[in-house]
$ cat entry02.pdb   # PDB, C-alpha atoms
ATOM      1  CA  MET A1151     -17.095   2.393 -55.992
ATOM      2  CA  ASP A1152     -18.349   0.439 -58.959
ATOM      3  CA  ASP A1153     -22.007   1.443 -59.189
ATOM      4  CA  ARG A1154     -22.716  -1.256 -61.727
ATOM      5  CA  LYS A1155     -22.469  -3.719 -58.861
ATOM      6  CA  LEU A1156     -24.918  -1.761 -56.746
ATOM      7  CA  ASP A1157     -27.989  -1.739 -58.934
ATOM      8  CA  ARG A1158     -31.287  -2.227 -57.201
ATOM      9  CA  ILE A1159     -32.491  -5.797 -56.964
ATOM     10  CA  GLU A1160     -36.123  -6.771 -57.288
ATOM     11  CA  ILE A1161     -37.290  -9.646 -55.119
ATOM     12  CA  LYS A1162     -40.657 -11.342 -55.145
ATOM     13  CA  PRO A1163     -41.566 -12.916 -51.784
ATOM     14  CA  ILE A1164     -42.094 -16.679 -51.786
ATOM     15  CA  GLY A1165     -44.856 -16.397 -49.192
ATOM     16  CA  PHE A1166     -45.748 -14.732 -45.928
ATOM     17  CA  VAL A1167     -45.990 -15.315 -42.191
ATOM     18  CA  ARG A1168     -49.345 -16.218 -40.654
ATOM     19  CA  ARG A1169     -49.774 -15.975 -36.911
ATOM     20  CA  THR A1170     -52.737 -17.727 -35.432
ATOM     21  CA  SER A1171     -52.321 -17.648 -31.653
ATOM     22  CA  ALA A1172     -55.212 -15.917 -29.899
ATOM     23  CA  LYS A1173     -52.865 -14.113 -27.538
ATOM     24  CA  ASP A1174     -50.128 -13.442 -30.016
ATOM     25  CA  ASP A1175     -46.790 -11.875 -29.270
ATOM     26  CA  GLU A1176     -44.196 -12.014 -31.992
ATOM     27  CA  LYS A1177     -41.504 -11.600 -29.332
ATOM     28  CA  ASP A1178     -42.517 -14.869 -27.687
ATOM     29  CA  ARG A1179     -40.401 -17.430 -29.459
ATOM     30  CA  SER A1180     -42.117 -20.380 -27.810
ATOM     31  CA  LEU A1181     -45.150 -19.787 -30.031
ATOM     32  CA  VAL A1182     -45.762 -21.595 -33.305
ATOM     33  CA  SER A1183     -46.398 -19.573 -36.434
ATOM     34  CA  GLU A1184     -46.954 -20.563 -40.030
ATOM     35  CA  ILE A1185     -45.123 -19.782 -43.237
ATOM     36  CA  VAL A1186     -47.589 -19.859 -46.116
ATOM     37  CA  LEU A1187     -45.830 -20.212 -49.461
ATOM     38  CA  THR A1188     -47.431 -19.390 -52.789
ATOM     39  CA  SER A1189     -49.226 -22.513 -53.978
ATOM     40  CA  ASP A1190     -46.873 -23.018 -56.963
ATOM     41  CA  LEU A1191     -44.043 -23.604 -54.471
ATOM     42  CA  ALA A1192     -45.736 -26.414 -52.539
ATOM     43  CA  LYS A1193     -43.571 -29.098 -54.191
ATOM     44  CA  ALA A1194     -40.421 -27.077 -53.437
ATOM     45  CA  LEU A1195     -40.998 -28.092 -49.798
ATOM     46  CA  ASP A1196     -40.818 -31.846 -50.496
ATOM     47  CA  GLY A1197     -38.436 -33.364 -47.969
ATOM     48  CA  ILE A1198     -38.315 -30.311 -45.707
ATOM     49  CA  HIS A1199     -39.706 -32.394 -42.806
ATOM     50  CA  GLU A1200     -36.412 -34.294 -42.672
ATOM     51  CA  TRP A1201     -34.727 -31.191 -41.245
ATOM     52  CA  SER A1202     -35.370 -30.274 -37.621
ATOM     53  CA  HIS A1203     -34.362 -26.625 -38.037
ATOM     54  CA  ILE A1204     -34.454 -24.068 -40.840
ATOM     55  CA  TYR A1205     -33.452 -20.458 -41.359
ATOM     56  CA  VAL A1206     -36.207 -18.049 -42.337
ATOM     57  CA  ILE A1207     -35.171 -14.930 -44.266
ATOM     58  CA  TYR A1208     -37.885 -12.293 -44.355
ATOM     59  CA  TRP A1209     -38.596  -8.646 -45.044
ATOM     60  CA  LEU A1210     -39.319  -6.398 -42.052
ATOM     61  CA  ASP A1211     -42.049  -4.439 -43.795
ATOM     62  CA  LYS A1212     -43.606  -3.243 -40.534
ATOM     63  CA  VAL A1213     -40.471  -1.380 -39.501
ATOM     64  CA  MET A1214     -41.158   2.342 -39.762
ATOM     65  CA  HIS A1215     -38.383   4.845 -39.963
ATOM     66  CA  ASN A1216     -37.831   8.240 -41.474
ATOM     67  CA  ASP A1217     -34.129   7.898 -41.946
ATOM     68  CA  GLU A1218     -31.547   5.154 -41.887
ATOM     69  CA  PRO A1219     -29.454   5.599 -38.786
ATOM     70  CA  VAL A1220     -25.926   4.242 -38.895
ATOM     71  CA  LEU A1221     -25.642   4.123 -35.098
ATOM     72  CA  HIS A1222     -27.701   2.209 -32.544
ATOM     73  CA  PHE A1223     -27.908   2.298 -28.750
ATOM     74  CA  PRO A1224     -27.971  -1.306 -27.513
ATOM     75  CA  GLY A1225     -30.941  -1.978 -25.257
ATOM     76  CA  ALA A1226     -32.435   1.351 -26.333
ATOM     77  CA  LYS A1227     -30.610   2.988 -23.435
ATOM     78  CA  PRO A1228     -29.377   6.465 -24.305
ATOM     79  CA  GLU A1229     -26.655   6.136 -21.665
ATOM     80  CA  SER A1230     -25.119   3.179 -23.471
ATOM     81  CA  ALA A1231     -22.348   3.803 -25.953
ATOM     82  CA  PRO A1232     -23.656   3.688 -29.545
ATOM     83  CA  VAL A1233     -22.442   1.041 -31.950
ATOM     84  CA  GLY A1234     -22.810   0.734 -35.710
ATOM     85  CA  ILE A1235     -26.203  -0.509 -36.836
ATOM     86  CA  LEU A1236     -24.640  -3.450 -38.690
ATOM     87  CA  SER A1237     -22.946  -4.506 -35.430
ATOM     88  CA  THR A1238     -26.412  -5.132 -33.966
ATOM     89  CA  ARG A1239     -29.530  -7.055 -34.939
ATOM     90  CA  ALA A1240     -31.716  -3.944 -34.689
ATOM     91  CA  PRO A1241     -34.582  -4.075 -37.230
ATOM     92  CA  ILE A1242     -34.007  -0.523 -38.455
ATOM     93  CA  ARG A1243     -31.057  -1.184 -40.741
ATOM     94  CA  PRO A1244     -30.046  -0.302 -44.324
ATOM     95  CA  ASN A1245     -31.974  -3.308 -45.675
ATOM     96  CA  PRO A1246     -34.643  -4.418 -43.192
ATOM     97  CA  ILE A1247     -34.001  -8.131 -43.658
ATOM     98  CA  GLY A1248     -34.871 -10.521 -40.848
ATOM     99  CA  LEU A1249     -33.068 -13.812 -40.213
ATOM    100  CA  THR A1250     -34.273 -16.309 -37.640
ATOM    101  CA  LEU A1251     -33.288 -19.898 -36.947
ATOM    102  CA  VAL A1252     -36.477 -21.787 -36.124
ATOM    103  CA  GLU A1253     -37.614 -25.274 -35.209
ATOM    104  CA  LEU A1254     -39.603 -26.968 -37.930
ATOM    105  CA  ILE A1255     -42.740 -28.540 -36.488
ATOM    106  CA  ARG A1256     -44.571 -29.863 -39.537
ATOM    107  CA  ARG A1257     -45.432 -29.223 -43.168
ATOM    108  CA  GLU A1258     -48.820 -29.391 -44.859
ATOM    109  CA  LYS A1259     -48.707 -28.832 -48.637
ATOM    110  CA  ASN A1260     -47.522 -25.212 -49.058
ATOM    111  CA  VAL A1261     -47.567 -24.383 -45.335
ATOM    112  CA  ILE A1262     -44.887 -25.040 -42.729
ATOM    113  CA  HIS A1263     -45.371 -24.648 -38.996
ATOM    114  CA  VAL A1264     -42.347 -23.338 -37.117
ATOM    115  CA  ARG A1265     -41.485 -22.449 -33.535
ATOM    116  CA  GLY A1266     -39.360 -19.418 -32.694
ATOM    117  CA  LEU A1267     -40.117 -17.001 -35.519
ATOM    118  CA  ASP A1268     -40.144 -13.419 -34.216
ATOM    119  CA  ALA A1269     -42.056 -11.912 -37.152
ATOM    120  CA  TYR A1270     -45.412 -10.165 -37.401
ATOM    121  CA  ASP A1271     -48.466 -11.599 -39.131
ATOM    122  CA  GLY A1272     -48.294 -10.857 -42.856
ATOM    123  CA  THR A1273     -44.516 -10.467 -43.025
ATOM    124  CA  PRO A1274     -43.186 -11.297 -46.519
ATOM    125  CA  VAL A1275     -40.839 -14.291 -46.595
ATOM    126  CA  LEU A1276     -37.914 -14.147 -49.039
ATOM    127  CA  ASP A1277     -36.276 -17.551 -48.589
ATOM    128  CA  ILE A1278     -35.973 -20.504 -46.271
ATOM    129  CA  LYS A1279     -32.830 -22.599 -45.915
ATOM    130  CA  PRO A1280     -32.024 -25.839 -44.135
ATOM    131  CA  TYR A1281     -29.835 -25.706 -41.009
ATOM    132  CA  PRO A1282     -26.968 -26.246 -40.642
ATOM    133  CA  ASP A1283     -24.752 -25.367 -43.587
ATOM    134  CA  TRP A1284     -21.914 -27.820 -44.360
ATOM    135  CA  GLU A1285     -18.663 -28.078 -46.270
ATOM    136  CA  HIS A1286     -16.096 -30.791 -46.937
ATOM    137  CA  GLY A1287     -17.893 -33.380 -44.890
ATOM    138  CA  ARG A1288     -18.556 -31.304 -41.779
ATOM    139  CA  PHE A1289     -21.464 -29.310 -40.480
ATOM    140  CA  ILE A1290     -20.810 -25.632 -39.841
ATOM    141  CA  VAL A1291     -22.019 -25.177 -36.279
ATOM    142  CA  VAL A1292     -20.129 -22.512 -34.358
ATOM    143  CA  THR A1293     -20.137 -22.909 -30.576
ATOM    144  CA  ASP A1294     -16.903 -21.056 -29.878
ATOM    145  CA  PHE A1295     -17.728 -17.406 -30.461
ATOM    146  CA  ARG A1296     -17.070 -13.958 -29.012
ATOM    147  CA  VAL A1297     -19.706 -11.245 -28.517
ATOM    148  CA  PRO A1298     -19.452  -7.590 -27.426
ATOM    149  CA  GLU A1299     -19.450  -6.685 -23.755
ATOM    150  CA  TRP A1300     -22.748  -4.775 -24.083
ATOM    151  CA  LEU A1301     -24.425  -8.054 -25.013
ATOM    152  CA  SER A1302     -22.583 -10.477 -22.714
ATOM    153  CA  SER A1303     -23.398  -8.255 -19.708
ATOM    154  CA  ARG A1304     -27.102  -8.293 -20.678
ATOM    155  CA  ILE A1305     -27.088 -12.060 -21.089
ATOM    156  CA  ALA A1306     -25.314 -12.477 -17.723
ATOM    157  CA  LYS A1307     -27.973 -10.376 -15.955
ATOM    158  CA  CYS A1308     -30.696 -12.730 -17.140
ATOM    159  CA  GLU A1309     -29.038 -15.847 -15.778
TER     160      GLU A1309
ATOM    161  CA  MET B 794     -53.658 -15.915 -51.445
ATOM    162  CA  ASP B 795     -53.506 -12.243 -50.556
ATOM    163  CA  ASP B 796     -51.510 -10.721 -53.389
ATOM    164  CA  ARG B 797     -51.162  -7.461 -51.521
ATOM    165  CA  LYS B 798     -48.653  -9.223 -49.295
ATOM    166  CA  LEU B 799     -46.668 -10.472 -52.261
ATOM    167  CA  ASP B 800     -45.693  -7.259 -53.980
ATOM    168  CA  ARG B 801     -42.212  -7.069 -55.349
ATOM    169  CA  ILE B 802     -39.615  -5.639 -52.989
ATOM    170  CA  GLU B 803     -36.775  -3.444 -54.148
ATOM    171  CA  ILE B 804     -33.470  -3.869 -52.351
ATOM    172  CA  LYS B 805     -30.332  -1.817 -52.757
ATOM    173  CA  PRO B 806     -27.156  -3.742 -51.911
ATOM    174  CA  ILE B 807     -25.085  -2.364 -49.031
ATOM    175  CA  GLY B 808     -21.848  -3.357 -50.760
ATOM    176  CA  PHE B 809     -20.193  -6.197 -52.621
ATOM    177  CA  VAL B 810     -17.732  -9.050 -52.232
ATOM    178  CA  ARG B 811     -14.118  -8.550 -53.282
ATOM    179  CA  ARG B 812     -11.891 -11.578 -53.681
ATOM    180  CA  THR B 813      -8.199 -10.954 -53.819
ATOM    181  CA  SER B 814      -6.472 -14.334 -53.644
ATOM    182  CA  ALA B 815      -4.306 -15.014 -56.676
ATOM    183  CA  LYS B 816      -5.484 -18.603 -56.878
ATOM    184  CA  ASP B 817      -9.062 -17.956 -55.959
ATOM    185  CA  ASP B 818     -11.713 -20.566 -55.443
ATOM    186  CA  GLU B 819     -14.967 -19.408 -53.937
ATOM    187  CA  LYS B 820     -15.622 -22.981 -52.808
ATOM    188  CA  ASP B 821     -12.514 -22.918 -50.591
ATOM    189  CA  ARG B 822     -13.810 -21.612 -47.315
ATOM    190  CA  SER B 823     -10.367 -21.347 -45.748
ATOM    191  CA  LEU B 824      -9.691 -18.289 -47.921
ATOM    192  CA  VAL B 825     -10.203 -14.715 -46.766
ATOM    193  CA  SER B 826     -12.378 -12.407 -48.823
ATOM    194  CA  GLU B 827     -13.489  -8.844 -48.328
ATOM    195  CA  ILE B 828     -16.875  -7.215 -48.015
ATOM    196  CA  VAL B 829     -16.665  -3.660 -49.323
ATOM    197  CA  LEU B 830     -19.575  -1.552 -48.100
ATOM    198  CA  THR B 831     -20.642   1.717 -49.679
ATOM    199  CA  SER B 832     -18.606   4.462 -48.032
ATOM    200  CA  ASP B 833     -21.661   6.036 -46.352
ATOM    201  CA  LEU B 834     -22.044   2.846 -44.310
ATOM    202  CA  ALA B 835     -18.518   2.859 -42.857
ATOM    203  CA  LYS B 836     -19.723   4.059 -39.435
ATOM    204  CA  ALA B 837     -22.460   1.403 -39.426
ATOM    205  CA  LEU B 838     -19.610  -1.079 -38.848
ATOM    206  CA  ASP B 839     -18.427   0.544 -35.612
ATOM    207  CA  GLY B 840     -18.045  -2.174 -32.997
ATOM    208  CA  ILE B 841     -18.289  -5.056 -35.477
ATOM    209  CA  HIS B 842     -14.784  -6.226 -34.468
ATOM    210  CA  GLU B 843     -16.176  -7.275 -31.074
ATOM    211  CA  TRP B 844     -17.993 -10.157 -32.760
ATOM    212  CA  SER B 845     -15.978 -13.196 -33.844
ATOM    213  CA  HIS B 846     -18.568 -14.392 -36.373
ATOM    214  CA  ILE B 847     -21.186 -12.773 -38.587
ATOM    215  CA  TYR B 848     -23.805 -13.872 -41.077
ATOM    216  CA  VAL B 849     -23.488 -12.533 -44.609
ATOM    217  CA  ILE B 850     -26.677 -12.321 -46.671
ATOM    218  CA  TYR B 851     -25.998 -11.809 -50.369
ATOM    219  CA  TRP B 852     -27.510 -12.016 -53.832
ATOM    220  CA  LEU B 853     -26.408 -14.887 -56.066
ATOM    221  CA  ASP B 854     -26.311 -12.770 -59.231
ATOM    222  CA  LYS B 855     -23.983 -15.172 -61.037
ATOM    223  CA  VAL B 856     -26.475 -18.005 -60.911
ATOM    224  CA  MET B 857     -27.811 -18.589 -64.395
ATOM    225  CA  HIS B 858     -31.015 -20.427 -64.980
ATOM    226  CA  ASN B 859     -33.781 -20.415 -67.548
ATOM    227  CA  ASP B 860     -36.477 -21.616 -65.253
ATOM    228  CA  GLU B 861     -37.022 -22.040 -61.555
ATOM    229  CA  PRO B 862     -37.022 -25.730 -60.762
ATOM    230  CA  VAL B 863     -38.950 -26.808 -57.707
ATOM    231  CA  LEU B 864     -37.043 -30.089 -57.408
ATOM    232  CA  HIS B 865     -33.336 -30.714 -56.895
ATOM    233  CA  PHE B 866     -31.165 -33.833 -57.056
ATOM    234  CA  PRO B 867     -28.829 -33.767 -54.054
ATOM    235  CA  GLY B 868     -25.209 -34.136 -55.084
ATOM    236  CA  ALA B 869     -26.236 -33.547 -58.706
ATOM    237  CA  LYS B 870     -26.715 -37.278 -59.038
ATOM    238  CA  PRO B 871     -29.619 -38.163 -61.316
ATOM    239  CA  GLU B 872     -29.945 -41.519 -59.522
ATOM    240  CA  SER B 873     -30.681 -39.804 -56.220
ATOM    241  CA  ALA B 874     -34.287 -39.139 -55.269
ATOM    242  CA  PRO B 875     -35.249 -35.530 -55.938
ATOM    243  CA  VAL B 876     -36.216 -33.250 -53.058
ATOM    244  CA  GLY B 877     -37.845 -29.826 -53.041
ATOM    245  CA  ILE B 878     -35.501 -26.974 -53.871
ATOM    246  CA  LEU B 879     -36.284 -25.240 -50.558
ATOM    247  CA  SER B 880     -35.237 -28.411 -48.714
ATOM    248  CA  THR B 881     -31.712 -27.895 -50.070
ATOM    249  CA  ARG B 882     -29.151 -25.088 -50.152
ATOM    250  CA  ALA B 883     -28.886 -25.242 -53.956
ATOM    251  CA  PRO B 884     -28.186 -21.771 -55.414
ATOM    252  CA  ILE B 885     -30.854 -22.053 -58.104
ATOM    253  CA  ARG B 886     -33.899 -21.275 -55.970
ATOM    254  CA  PRO B 887     -36.952 -18.994 -56.182
ATOM    255  CA  ASN B 888     -34.965 -16.084 -54.725
ATOM    256  CA  PRO B 889     -31.219 -16.643 -55.212
ATOM    257  CA  ILE B 890     -30.252 -15.413 -51.751
ATOM    258  CA  GLY B 891     -27.010 -16.654 -50.186
ATOM    259  CA  LEU B 892     -26.463 -17.006 -46.443
ATOM    260  CA  THR B 893     -23.079 -17.865 -44.982
ATOM    261  CA  LEU B 894     -21.779 -17.812 -41.431
ATOM    262  CA  VAL B 895     -18.220 -16.486 -41.569
ATOM    263  CA  GLU B 896     -15.340 -15.692 -39.248
ATOM    264  CA  LEU B 897     -14.643 -11.988 -38.929
ATOM    265  CA  ILE B 898     -10.943 -11.324 -39.308
ATOM    266  CA  ARG B 899     -10.709  -7.544 -39.212
ATOM    267  CA  ARG B 900     -12.350  -4.294 -40.234
ATOM    268  CA  GLU B 901     -10.806  -1.295 -41.969
ATOM    269  CA  LYS B 902     -13.190   1.653 -42.399
ATOM    270  CA  ASN B 903     -15.900   0.383 -44.796
ATOM    271  CA  VAL B 904     -14.208  -2.961 -45.491
ATOM    272  CA  ILE B 905     -14.388  -6.166 -43.480
ATOM    273  CA  HIS B 906     -12.201  -9.195 -44.022
ATOM    274  CA  VAL B 907     -13.904 -12.534 -43.470
ATOM    275  CA  ARG B 908     -12.972 -16.209 -43.712
ATOM    276  CA  GLY B 909     -15.394 -18.763 -45.097
ATOM    277  CA  LEU B 910     -17.480 -16.793 -47.562
ATOM    278  CA  ASP B 911     -18.387 -18.959 -50.569
ATOM    279  CA  ALA B 912     -19.306 -16.083 -52.901
ATOM    280  CA  TYR B 913     -17.879 -14.889 -56.213
ATOM    281  CA  ASP B 914     -16.011 -11.619 -56.673
ATOM    282  CA  GLY B 915     -18.478  -8.786 -57.221
ATOM    283  CA  THR B 916     -21.423 -10.491 -55.507
ATOM    284  CA  PRO B 917     -23.880  -7.899 -54.117
ATOM    285  CA  VAL B 918     -24.223  -7.999 -50.318
ATOM    286  CA  LEU B 919     -27.694  -7.315 -48.872
ATOM    287  CA  ASP B 920     -27.056  -7.404 -45.123
ATOM    288  CA  ILE B 921     -24.686  -8.599 -42.444
ATOM    289  CA  LYS B 922     -25.747  -9.697 -38.985
ATOM    290  CA  PRO B 923     -23.891 -10.579 -35.799
ATOM    291  CA  TYR B 924     -23.804 -14.217 -34.705
ATOM    292  CA  PRO B 925     -25.389 -15.662 -32.689
ATOM    293  CA  ASP B 926     -28.956 -14.462 -32.251
ATOM    294  CA  TRP B 927     -30.257 -14.375 -28.654
ATOM    295  CA  GLU B 928     -33.496 -14.162 -26.676
ATOM    296  CA  HIS B 929     -34.428 -13.966 -23.004
ATOM    297  CA  GLY B 930     -30.875 -14.094 -21.786
ATOM    298  CA  ARG B 931     -29.658 -17.006 -23.868
ATOM    299  CA  PHE B 932     -27.807 -17.369 -27.124
ATOM    300  CA  ILE B 933     -29.584 -19.307 -29.856
ATOM    301  CA  VAL B 934     -26.993 -21.892 -30.871
ATOM    302  CA  VAL B 935     -28.481 -25.167 -32.058
ATOM    303  CA  THR B 936     -26.249 -28.220 -31.681
ATOM    304  CA  ASP B 937     -28.995 -30.827 -31.472
ATOM    305  CA  PHE B 938     -30.384 -31.051 -34.998
ATOM    306  CA  ARG B 939     -31.632 -33.603 -37.517
ATOM    307  CA  VAL B 940     -30.725 -33.645 -41.226
ATOM    308  CA  PRO B 941     -31.965 -35.775 -44.156
ATOM    309  CA  GLU B 942     -30.399 -39.139 -44.877
ATOM    310  CA  TRP B 943     -29.094 -37.941 -48.287
ATOM    311  CA  LEU B 944     -26.920 -35.419 -46.446
ATOM    312  CA  SER B 945     -25.891 -37.453 -43.394
ATOM    313  CA  SER B 946     -24.691 -40.260 -45.676
ATOM    314  CA  ARG B 947     -22.584 -37.779 -47.678
ATOM    315  CA  ILE B 948     -21.100 -36.316 -44.501
ATOM    316  CA  ALA B 949     -20.352 -39.808 -43.165
ATOM    317  CA  LYS B 950     -18.463 -40.734 -46.376
ATOM    318  CA  CYS B 951     -16.090 -37.816 -45.861
ATOM    319  CA  GLU B 952     -15.111 -38.793 -42.327
TER     320      GLU B 952
END

$ encode --input "entry02.pdb" --output "structure tokens"
Amino acid sequence: MDDRKLDRIEIKPIGFVRRTSAKDDEKDRSLVSEIVLTSDLAKALDGIHEWSHIYVIYWLDKVMHNDEPVLHFPGAKPESAPVGILSTRAPIRPNPIGLTLVELIRREKNVIHVRGLDAYDGTPVLDIKPYPDWEHGRFIVVTDFRVPEWLSSRIAKCE
Amino acid sequence: MDDRKLDRIEIKPIGFVRRTSAKDDEKDRSLVSEIVLTSDLAKALDGIHEWSHIYVIYWLDKVMHNDEPVLHFPGAKPESAPVGILSTRAPIRPNPIGLTLVELIRREKNVIHVRGLDAYDGTPVLDIKPYPDWEHGRFIVVTDFRVPEWLSSRIAKCE
């Protein structure tokens, strides 16, 4: 292992999440929340309204944990077989980074309003990126994918 | 602006990118590259092979810049109208974070082989996440999206 490549990286957030709903629930993705960027980055949002969807990359600073487990029990059920923490989207992970694809509602100066962000009020935002990615004249939108049985069975139960 | 929320965050990479192709080109997304995690995270990958696609979140440490521009000229054409840097996927951005959706080929202990990662050899990896995200019994896969005219016209030219 080349430790030179694994130095610590220092990141300064570009802004934070502001939740304004009276009856707020960060798990309810139908709600609109705001991303408030530092005022010097207002112009960096010029043209963002032309995208309907963006990725939000944020820092899960509210996640409390005493250790960094490598295994996770999907659905928090102890009877389920554990899987590696990186094989899940569990928030307790080696680097508590959040990634959510959201609908962009509108932008006002250094603030954007988005629907579908499952982050707490005050969460530091590290980056936002337009969706989708592209290469060689095609958009990268994957609709043909495979997921683990522990997830597909949960999804099927909800249908 | 509440500066308390904007403290610097320290992140330790979980591993790095290893590119092995003799004729390597990080722009060629058909090539397979490796993500080598620190050995203590090997078990955190258990079950990852059940996903066909994952997101890779990484740190663009090879991006050199003297300042942090807020505007970007799409396609590096000075005649194009500039847009805000956060309205593009340009690597020179306030936090040089990379995000790529890749195909998972196979896993061997603490190493995963992926196709489609546009990152240089040695790039620090911050997190990996299964694709797609889900909520309330449905996968979040967006196929109905809107992009800016500067991009749609470029995509159309390639068809």

$ resolve_selection --input "entry02.pdb" --expression "the ChimeraX specification (/B :<6) & /A" --output "ChimeraX atom specification"
/A:1156,1158-1163,1193-1198,1200-1202,1220,1233-1237,1287,1295-1298,1305,1308

$ atom_distance --input "entry02.pdb" --atom1 "CA of Lys902 (chain B)" --atom2 "CA of Arg811 (chain B)"
14.9 Å

$ atom_distance --input "entry02.pdb" --atom1 "CA of Tyr1270 (chain A)" --atom2 "CA of Ser1183 (chain A)"
9.5 Å

$ atom_distance --input "entry02.pdb" --atom1 "CA of Glu827 (chain B)" --atom2 "CA of Glu901 (chain B)"
10.2 Å

$ resolve_selection --input "entry02.pdb" --expression "the PyMOL selection byres ((chain A and resi 1262) around 6)" --output "CSV table (one decimal) with C-alpha atoms, in the coordinates of the input"
chain,number,residue,atom,x,y,z
A,1184,GLU,CA,-47.0,-20.6,-40.0
A,1185,ILE,CA,-45.1,-19.8,-43.2
A,1256,ARG,CA,-44.6,-29.9,-39.5
A,1257,ARG,CA,-45.4,-29.2,-43.2
A,1261,VAL,CA,-47.6,-24.4,-45.3
A,1263,HIS,CA,-45.4,-24.6,-39.0

$ decode --input "entry02.pdb" --residues "region 904-951 of chain B" --atoms "C-alpha atoms" --output "short mmCIF file (atom, residue, chain, number, x, y, z; two decimals), in the first residue's frame"
data_model
loop_
_atom_site.label_atom_id
_atom_site.label_comp_id
_atom_site.auth_asym_id
_atom_site.auth_seq_id
_atom_site.Cartn_x
_atom_site.Cartn_y
_atom_site.Cartn_z
CA VAL B 904 -9.81 -4.88 -5.21
CA ILE B 905 -12.72 -4.26 -7.56
CA HIS B 906 -12.49 -4.16 -11.33
CA VAL B 907 -14.76 -1.63 -13.01
CA ARG B 908 -15.48 -0.47 -16.56
CA GLY B 909 -16.08 3.19 -17.34
CA LEU B 910 -14.05 5.02 -14.72
CA ASP B 911 -12.56 8.21 -16.19
CA ALA B 912 -9.90 8.70 -13.50
CA TYR B 913 -6.10 8.78 -13.60
CA ASP B 914 -3.87 6.12 -12.06
CA GLY B 915 -3.34 6.86 -8.38
CA THR B 916 -6.51 8.93 -7.93
CA PRO B 917 -7.72 8.80 -4.30
CA VAL B 918 -11.15 7.18 -3.89
CA LEU B 919 -13.45 8.65 -1.22
CA ASP B 920 -16.47 6.34 -1.37
CA ILE B 921 -18.30 3.83 -3.51
CA LYS B 922 -22.06 3.37 -3.52
CA PRO B 923 -24.41 0.83 -5.06
CA TYR B 924 -26.58 1.92 -7.99
CA PRO B 925 -29.41 2.73 -8.09
CA ASP B 926 -30.70 4.53 -5.02
CA TRP B 927 -34.25 3.62 -3.92
CA GLU B 928 -37.09 4.87 -1.73
CA HIS B 929 -40.53 3.61 -0.75
CA GLY B 930 -40.29 0.47 -2.81
CA ARG B 931 -39.06 2.01 -6.04
CA PHE B 932 -35.69 2.47 -7.65
CA ILE B 933 -34.68 6.05 -8.41
CA VAL B 934 -33.73 5.89 -12.09
CA VAL B 935 -34.41 9.11 -13.98
CA THR B 936 -34.96 8.73 -17.72
CA ASP B 937 -37.07 11.83 -18.23
CA PHE B 938 -34.63 14.73 -17.88
CA ARG B 939 -33.82 18.10 -19.43
CA VAL B 940 -30.30 19.33 -20.27
CA PRO B 941 -28.98 22.70 -21.51
CA GLU B 942 -28.94 23.51 -25.20
CA TRP B 943 -25.11 23.72 -25.24
CA LEU B 944 -25.00 20.03 -24.31
CA SER B 945 -27.95 18.70 -26.32
CA SER B 946 -26.51 20.29 -29.47
CA ARG B 947 -23.14 18.61 -28.83
CA ILE B 948 -24.81 15.25 -28.25
CA ALA B 949 -26.89 15.67 -31.42
CA LYS B 950 -23.75 16.35 -33.51
CA CYS B 951 -22.29 13.00 -32.47
#
